[in-house]
Amino acid sequence: MRLMLAPMEGVIDHTMRQLLTALGGVDRCVTEFVRVTDRLLPPRVFHRLCPELATGGTTACGVPVYLQLLGGQATVVADNAARAAELGAVGIDLNFGCPAKTVNRSNGGAILLREPQRVHDIAAAARAAVPAGIPVTVKTRLGYEDKALFLDIVAGIEASGVNELTVHARTKSQGYRPPVCWDAIAEARELVSLPIIANGDIWSVDDAFRCLAVTGCDSLMLGRGVLCRPDLPRLIAATAACGESAESLHWPDITLLLINFFETNLRHYDARNAGNPLKQWLVYLRGYFPQAGLLFEQIKRLRAPEDIRSILQQTLPPVAAKRCAA
Ligand SMILES: Cc1cc2nc3c(=O)[nH]c(=O)nc-3n(C[C@H](O)[C@H](O)[C@H](O)COP(=O)(O)O)c2cc1C
């Protein structure tokens with residue numbers, strides 16, 4: 001069984017990928033999408049969203065990072081896919097699921113699911129433009145308004161020659177609301193032999209095994225669930241490997257991760273904004289750890305790094321707090 005960390009624009013950047021993959025259980029990551037409109041993008045755009053290009057295309061602990069492209073013109077997407085490969089991407093992923101109005105208005109993301117032929121053409125052009133040894137994968141939803149075209153879309157994606165398909169089992173109209181429709185993934189698997197990665201609403205170890213059973217897939221992609229419970233991939237992987245769950249992280253462990261995350265962001269981002277990713281992560285974490293909600297309330301209006309650091313240090317377990325102060 002393989003576990004992929006979902007791409008999440010504005011949330012899972014290279015610092016979050018590094019933190020989460022270091023906890024174990026993740027076999028692959030995908031970057032936030034690189035928006036492709038009508039031209040070949042300069043290398044700096046690829047490096048900004050995928051700094052891992054400079055280190056062999058993997059996170060520091062060796063987990064491969066596929067670079068995601070989002071665009072509606074087959075030739076331009078193909079040219080950019082070829083460039084990403086030249087720059088060292090270890091895999092290219094194509095986004096056909098983004099529900100954002102701005103993206104859909106300019107002919108990218110989920111709007112393309114109304115035209116299965118275009119999805120096929122873009123995927124085929126990208127596959128043809130990238131050296132055979134570098135995987136090209138696709139990420140889709142079930143459709144735009146409804147799932148009437150889903151099986152046509154999947155058949156077209158298989159015919160395009162891409163290597164794998166991730167299905168977020170919702171339509172664009174559903175946004176991120178339940179219910180997720182894992183059954184549709186099972187139907188797609190009956191139609192094609194292309195490997196399919198199941199995605200959507202996996203919040204616990206139980207959810208993961210139910211999803212594997214319903215879909216028949218052997219690979220899962222996890223998004224918001226990992227932000228709520230950073231050790232979820234490791235717990236799922238341990239259960240799959242030996243039938244027993246590994247030791248889970250407790251709130252004191254999380255506080256150490258939070259302070260490391262904050263200090264890493266301070267090194268990468270402008271000091272006045274370095275608290276924002278932390279605040280955003282706390283909003284996800286409070287879904288599982290109530291203490292994260294209290295911490296969020298304490299720091300939500302703070303901007304100065306020393307103020308945020310001081311509150312974070314008060315949450316640390318005593319031994320770690322002493323170490324930090326020293
Ligand atoms: C804030 C946010 C940003 C996202 N950004 C992307 C993205 O850049 N590319 C993409 O393919 N999917 C993106 N997604 C969708 C996720 O990758 C995933 O398909 C979805 O959240 C369902 O999985 P989950 O229930 O495990 O979170 C995003 C989702 C959220 C909530």
# chains A, B, ... in the order shown; residues from 1 in each chain; ligands from 1

$ residues_near_ligand --ligand "ligand 1" --cutoff "6 Å" --atoms "only C-alpha atoms and all ligand atoms" --output "mmCIF file with C-alpha atoms, in the first residue's frame"
data_model
loop_
_atom_site.group_PDB
_atom_site.id
_atom_site.type_symbol
_atom_site.label_atom_id
_atom_site.label_comp_id
_atom_site.auth_asym_id
_atom_site.auth_seq_id
_atom_site.Cartn_x
_atom_site.Cartn_y
_atom_site.Cartn_z
ATOM 1 C CA ALA A 6 -2.217 15.656 -1.233
ATOM 2 C CA PRO A 7 -1.339 18.947 -2.901
ATOM 3 C CA MET A 8 -2.938 21.849 -1.018
ATOM 4 C CA GLU A 9 -2.432 25.316 -2.436
ATOM 5 C CA GLU A 32 0.760 23.151 -5.016
ATOM 6 C CA PHE A 33 -0.297 23.785 -8.618
ATOM 7 C CA ASN A 95 -4.659 19.132 -12.004
ATOM 8 C CA GLY A 97 -9.938 19.222 -9.988
ATOM 9 C CA LYS A 139 -5.606 14.275 -10.483
ATOM 10 C CA HIS A 168 -10.899 12.995 -5.394
ATOM 11 C CA ASN A 199 -8.706 10.444 -2.308
ATOM 12 C CA GLY A 200 -11.266 12.204 -0.174
ATOM 13 C CA ASP A 201 -12.298 12.285 3.497
ATOM 14 C CA ILE A 202 -9.742 9.948 5.010
ATOM 15 C CA LEU A 222 -4.452 12.122 2.227
ATOM 16 C CA GLY A 223 -4.986 15.855 2.558
ATOM 17 C CA ARG A 224 -6.816 17.613 5.387
ATOM 18 C CA GLY A 225 -6.689 14.499 7.578
#

$ residues_around --residues "segment 152-155 of chain A" --least-positions-apart "2" --cutoff "10 Å" --atoms "only C-alpha atoms" --output "ChimeraX atom specification"
/A:112-120,138,140-143,147-150,157-160,165,167,185,188-189,191-194,196

$ write_last_selection --atoms "C-alpha atoms" --output "PDB file, in the first residue's frame"
ATOM      1  CA  LEU A 112     -12.274  20.998 -18.074  1.00  0.00           C
ATOM      2  CA  LEU A 113     -14.210  17.997 -16.732  1.00  0.00           C
ATOM      3  CA  ARG A 114     -17.124  19.177 -18.914  1.00  0.00           C
ATOM      4  CA  GLU A 115     -14.967  18.214 -21.918  1.00  0.00           C
ATOM      5  CA  PRO A 116     -13.442  14.725 -21.537  1.00  0.00           C
ATOM      6  CA  GLN A 117     -11.757  15.026 -24.946  1.00  0.00           C
ATOM      7  CA  ARG A 118      -9.812  18.088 -23.782  1.00  0.00           C
ATOM      8  CA  VAL A 119      -8.729  16.325 -20.613  1.00  0.00           C
ATOM      9  CA  HIS A 120      -7.465  13.480 -22.791  1.00  0.00           C
ATOM     10  CA  VAL A 138      -3.451  13.099 -13.379  1.00  0.00           C
ATOM     11  CA  THR A 140      -9.326  14.661 -11.097  1.00  0.00           C
ATOM     12  CA  ARG A 141     -12.709  14.971  -9.443  1.00  0.00           C
ATOM     13  CA  LEU A 142     -15.797  12.977 -10.508  1.00  0.00           C
ATOM     14  CA  GLY A 143     -17.077  15.737 -12.757  1.00  0.00           C
ATOM     15  CA  LYS A 147     -20.615  12.565 -12.349  1.00  0.00           C
ATOM     16  CA  ALA A 148     -22.349  11.758 -15.656  1.00  0.00           C
ATOM     17  CA  LEU A 149     -19.092  12.063 -17.647  1.00  0.00           C
ATOM     18  CA  PHE A 150     -16.815  10.470 -15.051  1.00  0.00           C
ATOM     19  CA  ILE A 157      -7.127   9.558 -19.211  1.00  0.00           C
ATOM     20  CA  GLU A 158      -6.144   5.906 -19.559  1.00  0.00           C
ATOM     21  CA  ALA A 159      -5.963   6.296 -23.350  1.00  0.00           C
ATOM     22  CA  SER A 160      -3.669   9.324 -22.949  1.00  0.00           C
ATOM     23  CA  LEU A 165      -4.702   8.695 -11.789  1.00  0.00           C
ATOM     24  CA  VAL A 167      -9.519  10.576  -7.968  1.00  0.00           C
ATOM     25  CA  ILE A 185     -13.716   4.934  -7.810  1.00  0.00           C
ATOM     26  CA  ALA A 188     -13.675   3.332 -12.585  1.00  0.00           C
ATOM     27  CA  ARG A 189     -11.377   0.507 -11.513  1.00  0.00           C
ATOM     28  CA  LEU A 191     -13.331  -0.032 -16.472  1.00  0.00           C
ATOM     29  CA  VAL A 192      -9.582   0.618 -16.676  1.00  0.00           C
ATOM     30  CA  SER A 193      -6.310  -0.996 -15.656  1.00  0.00           C
ATOM     31  CA  LEU A 194      -4.589   2.353 -15.042  1.00  0.00           C
ATOM     32  CA  ILE A 196      -5.919   4.631  -9.364  1.00  0.00           C
TER      33      ILE A 196
END

$ residues_around --residues "Ile92 of chain A" --least-positions-apart "5" --cutoff "6 Å" --atoms "only C-alpha atoms" --output "number ranges by chain"
A: 66-68, 136

$ write_last_selection --atoms "N, CA and C atoms" --output "compact mmCIF listing (two decimals), in the first residue's frame"
# COMPACT_ATOMS: atom_id res chain seq x y z
N TYR A 66 6.25 15.26 -6.75
CA TYR A 66 5.82 15.50 -8.13
C TYR A 66 5.39 16.96 -8.26
N LEU A 67 5.69 17.53 -9.42
CA LEU A 67 5.35 18.94 -9.63
C LEU A 67 4.01 19.02 -10.36
N GLN A 68 3.07 19.77 -9.77
CA GLN A 68 1.72 19.80 -10.37
C GLN A 68 1.54 21.01 -11.28
N VAL A 136 4.05 10.73 -15.55
CA VAL A 136 3.07 11.82 -15.66
C VAL A 136 1.78 11.27 -15.07

$ atom_distance --atom1 "atom CA of Glu263 of chain A" --atom2 "atom CA of Arg309 of chain A"
8.6 Å

$ residues_around --residues "Thr21 of chain A" --least-positions-apart "5" --cutoff "9 Å" --atoms "only C-alpha atoms" --output "PyMOL selection string"
chain A and resi 5+16+26-29+59-63

$ write_last_selection --atoms "C-alpha atoms" --output "compact mmCIF listing (two decimals), in the first residue's frame"
# COMPACT_ATOMS: atom_id res chain seq x y z
CA LEU A 5 0.39 13.56 0.61
CA MET A 16 5.05 21.64 5.53
CA VAL A 26 4.31 9.21 3.19
CA ASP A 27 5.51 7.68 -0.10
CA ARG A 28 5.04 10.69 -2.37
CA CYS A 29 4.12 14.37 -2.30
CA THR A 59 12.13 16.23 0.48
CA ALA A 60 15.13 16.15 2.86
CA CYS A 61 14.09 12.70 4.02
CA GLY A 62 14.01 11.36 0.47
CA VAL A 63 10.28 11.39 -0.35

$ select_by_dssp --residues "segment 46-129 of chain A" --states "alpha helix (DSSP H)" --output "ChimeraX atom specification"
/A:46-49,74-86,101-105,116-129

$ write_last_selection --atoms "C-alpha atoms" --output "JSON list (two decimals), in the first residue's frame"
[["chain", "number", "residue", "atom", "x", "y", "z"],
["A", 46, "PHE", "CA", 8.96, 26.07, -10.82],
["A", 47, "HIS", "CA", 11.69, 26.52, -8.20],
["A", 48, "ARG", "CA", 9.47, 28.77, -6.07],
["A", 49, "LEU", "CA", 6.70, 26.15, -5.76],
["A", 74, "ALA", "CA", -2.55, 21.16, -24.38],
["A", 75, "THR", "CA", 0.55, 22.50, -26.15],
["A", 76, "VAL", "CA", 1.37, 25.02, -23.42],
["A", 77, "VAL", "CA", 0.86, 22.47, -20.63],
["A", 78, "ALA", "CA", 3.08, 20.05, -22.58],
["A", 79, "ASP", "CA", 5.86, 22.65, -23.01],
["A", 80, "ASN", "CA", 5.78, 23.44, -19.30],
["A", 81, "ALA", "CA", 5.73, 19.75, -18.39],
["A", 82, "ALA", "CA", 8.87, 19.26, -20.52],
["A", 83, "ARG", "CA", 10.50, 22.22, -18.78],
["A", 84, "ALA", "CA", 9.63, 20.85, -15.32],
["A", 85, "ALA", "CA", 11.24, 17.56, -16.32],
["A", 86, "GLU", "CA", 14.38, 19.35, -17.58],
["A", 101, "LYS", "CA", -13.68, 30.47, -9.77],
["A", 102, "THR", "CA", -10.68, 32.47, -11.02],
["A", 103, "VAL", "CA", -8.98, 29.31, -12.28],
["A", 104, "ASN", "CA", -12.16, 27.88, -13.84],
["A", 105, "ARG", "CA", -13.00, 31.22, -15.53],
["A", 116, "PRO", "CA", -13.44, 14.73, -21.54],
["A", 117, "GLN", "CA", -11.76, 15.03, -24.95],
["A", 118, "ARG", "CA", -9.81, 18.09, -23.78],
["A", 119, "VAL", "CA", -8.73, 16.32, -20.61],
["A", 120, "HIS", "CA", -7.47, 13.48, -22.79],
["A", 121, "ASP", "CA", -5.67, 15.84, -25.20],
["A", 122, "ILE", "CA", -3.90, 17.76, -22.43],
["A", 123, "ALA", "CA", -2.83, 14.55, -20.66],
["A", 124, "ALA", "CA", -1.66, 12.94, -23.92],
["A", 125, "ALA", "CA", 0.33, 16.04, -24.94],
["A", 126, "ALA", "CA", 2.03, 16.23, -21.54],
["A", 127, "ARG", "CA", 2.80, 12.51, -21.54],
["A", 128, "ALA", "CA", 4.34, 12.78, -25.04],
["A", 129, "ALA", "CA", 6.46, 15.81, -24.08]]

$ decode --residues "segment 287-324 of chain A" --atoms "N, CA and C atoms" --output "compact mmCIF listing (two decimals), in the first residue's frame"
# COMPACT_ATOMS: atom_id res chain seq x y z
N GLY A 287 -9.19 20.43 14.86
CA GLY A 287 -10.18 19.39 14.56
C GLY A 287 -9.89 18.11 15.34
N TYR A 288 -8.65 17.91 15.72
CA TYR A 288 -8.30 16.68 16.45
C TYR A 288 -7.77 16.97 17.85
N PHE A 289 -7.01 18.09 17.97
CA PHE A 289 -6.43 18.45 19.27
C PHE A 289 -7.10 19.73 19.77
N PRO A 290 -8.00 19.66 20.76
CA PRO A 290 -8.69 20.87 21.23
C PRO A 290 -7.72 21.94 21.71
N GLN A 291 -6.54 21.53 22.20
CA GLN A 291 -5.54 22.50 22.69
C GLN A 291 -5.11 23.45 21.57
N ALA A 292 -5.17 22.97 20.33
CA ALA A 292 -4.75 23.81 19.20
C ALA A 292 -5.69 24.99 19.04
N GLY A 293 -6.98 24.77 19.38
CA GLY A 293 -7.96 25.86 19.30
C GLY A 293 -7.64 26.96 20.29
N LEU A 294 -7.24 26.55 21.50
CA LEU A 294 -6.89 27.54 22.54
C LEU A 294 -5.65 28.31 22.13
N LEU A 295 -4.68 27.60 21.59
CA LEU A 295 -3.44 28.26 21.16
C LEU A 295 -3.73 29.24 20.02
N PHE A 296 -4.59 28.82 19.12
CA PHE A 296 -4.95 29.70 18.00
C PHE A 296 -5.54 31.02 18.54
N GLU A 297 -6.44 30.91 19.52
CA GLU A 297 -7.05 32.12 20.10
C GLU A 297 -5.98 33.04 20.68
N GLN A 298 -4.94 32.43 21.27
CA GLN A 298 -3.89 33.25 21.90
C GLN A 298 -3.01 33.97 20.88
N ILE A 299 -2.81 33.36 19.71
CA ILE A 299 -1.84 33.99 18.78
C ILE A 299 -2.49 34.62 17.56
N LYS A 300 -3.80 34.49 17.41
CA LYS A 300 -4.39 34.86 16.12
C LYS A 300 -4.15 36.32 15.74
N ARG A 301 -4.02 37.24 16.71
CA ARG A 301 -3.81 38.65 16.36
C ARG A 301 -2.34 39.07 16.43
N LEU A 302 -1.47 38.15 16.81
CA LEU A 302 -0.05 38.52 16.96
C LEU A 302 0.67 38.46 15.62
N ARG A 303 1.59 39.40 15.41
CA ARG A 303 2.39 39.39 14.18
C ARG A 303 3.88 39.33 14.48
N ALA A 304 4.29 39.97 15.57
CA ALA A 304 5.73 40.03 15.86
C ALA A 304 6.24 38.63 16.24
N PRO A 305 7.30 38.17 15.57
CA PRO A 305 7.80 36.82 15.83
C PRO A 305 8.10 36.57 17.30
N GLU A 306 8.64 37.59 18.01
CA GLU A 306 9.00 37.31 19.42
C GLU A 306 7.75 37.09 20.27
N ASP A 307 6.63 37.76 19.93
CA ASP A 307 5.38 37.54 20.68
C ASP A 307 4.85 36.13 20.44
N ILE A 308 4.89 35.72 19.16
CA ILE A 308 4.37 34.37 18.83
C ILE A 308 5.26 33.32 19.48
N ARG A 309 6.57 33.54 19.39
CA ARG A 309 7.51 32.56 19.97
C ARG A 309 7.29 32.42 21.47
N SER A 310 7.06 33.55 22.12
CA SER A 310 6.90 33.50 23.57
C SER A 310 5.67 32.67 23.96
N ILE A 311 4.56 32.85 23.23
CA ILE A 311 3.36 32.03 23.53
C ILE A 311 3.63 30.56 23.23
N LEU A 312 4.30 30.30 22.11
CA LEU A 312 4.58 28.90 21.76
C LEU A 312 5.43 28.24 22.84
N GLN A 313 6.40 28.98 23.35
CA GLN A 313 7.29 28.38 24.36
C GLN A 313 6.54 28.04 25.64
N GLN A 314 5.50 28.83 25.93
CA GLN A 314 4.71 28.52 27.15
C GLN A 314 3.94 27.20 27.00
N THR A 315 3.70 26.77 25.74
CA THR A 315 2.93 25.52 25.55
C THR A 315 3.84 24.30 25.57
N LEU A 316 5.16 24.52 25.48
CA LEU A 316 6.07 23.38 25.37
C LEU A 316 6.10 22.57 26.66
N PRO A 317 6.36 21.25 26.54
CA PRO A 317 6.57 20.48 27.76
C PRO A 317 7.78 21.03 28.50
N PRO A 318 7.82 20.99 29.86
CA PRO A 318 8.85 21.69 30.64
C PRO A 318 10.29 21.42 30.19
N VAL A 319 10.65 20.17 29.88
CA VAL A 319 12.05 19.88 29.53
C VAL A 319 12.41 20.59 28.22
N ALA A 320 11.50 20.50 27.26
CA ALA A 320 11.78 21.13 25.96
C ALA A 320 11.82 22.64 26.10
N ALA A 321 10.96 23.20 26.95
CA ALA A 321 10.94 24.65 27.15
C ALA A 321 12.27 25.13 27.70
N LYS A 322 12.84 24.36 28.64
CA LYS A 322 14.14 24.72 29.23
C LYS A 322 15.21 24.72 28.14
N ARG A 323 15.16 23.68 27.27
CA ARG A 323 16.14 23.55 26.20
C ARG A 323 16.05 24.76 25.25
N CYS A 324 14.79 25.14 24.92
CA CYS A 324 14.56 26.27 24.01
C CYS A 324 15.11 27.56 24.61
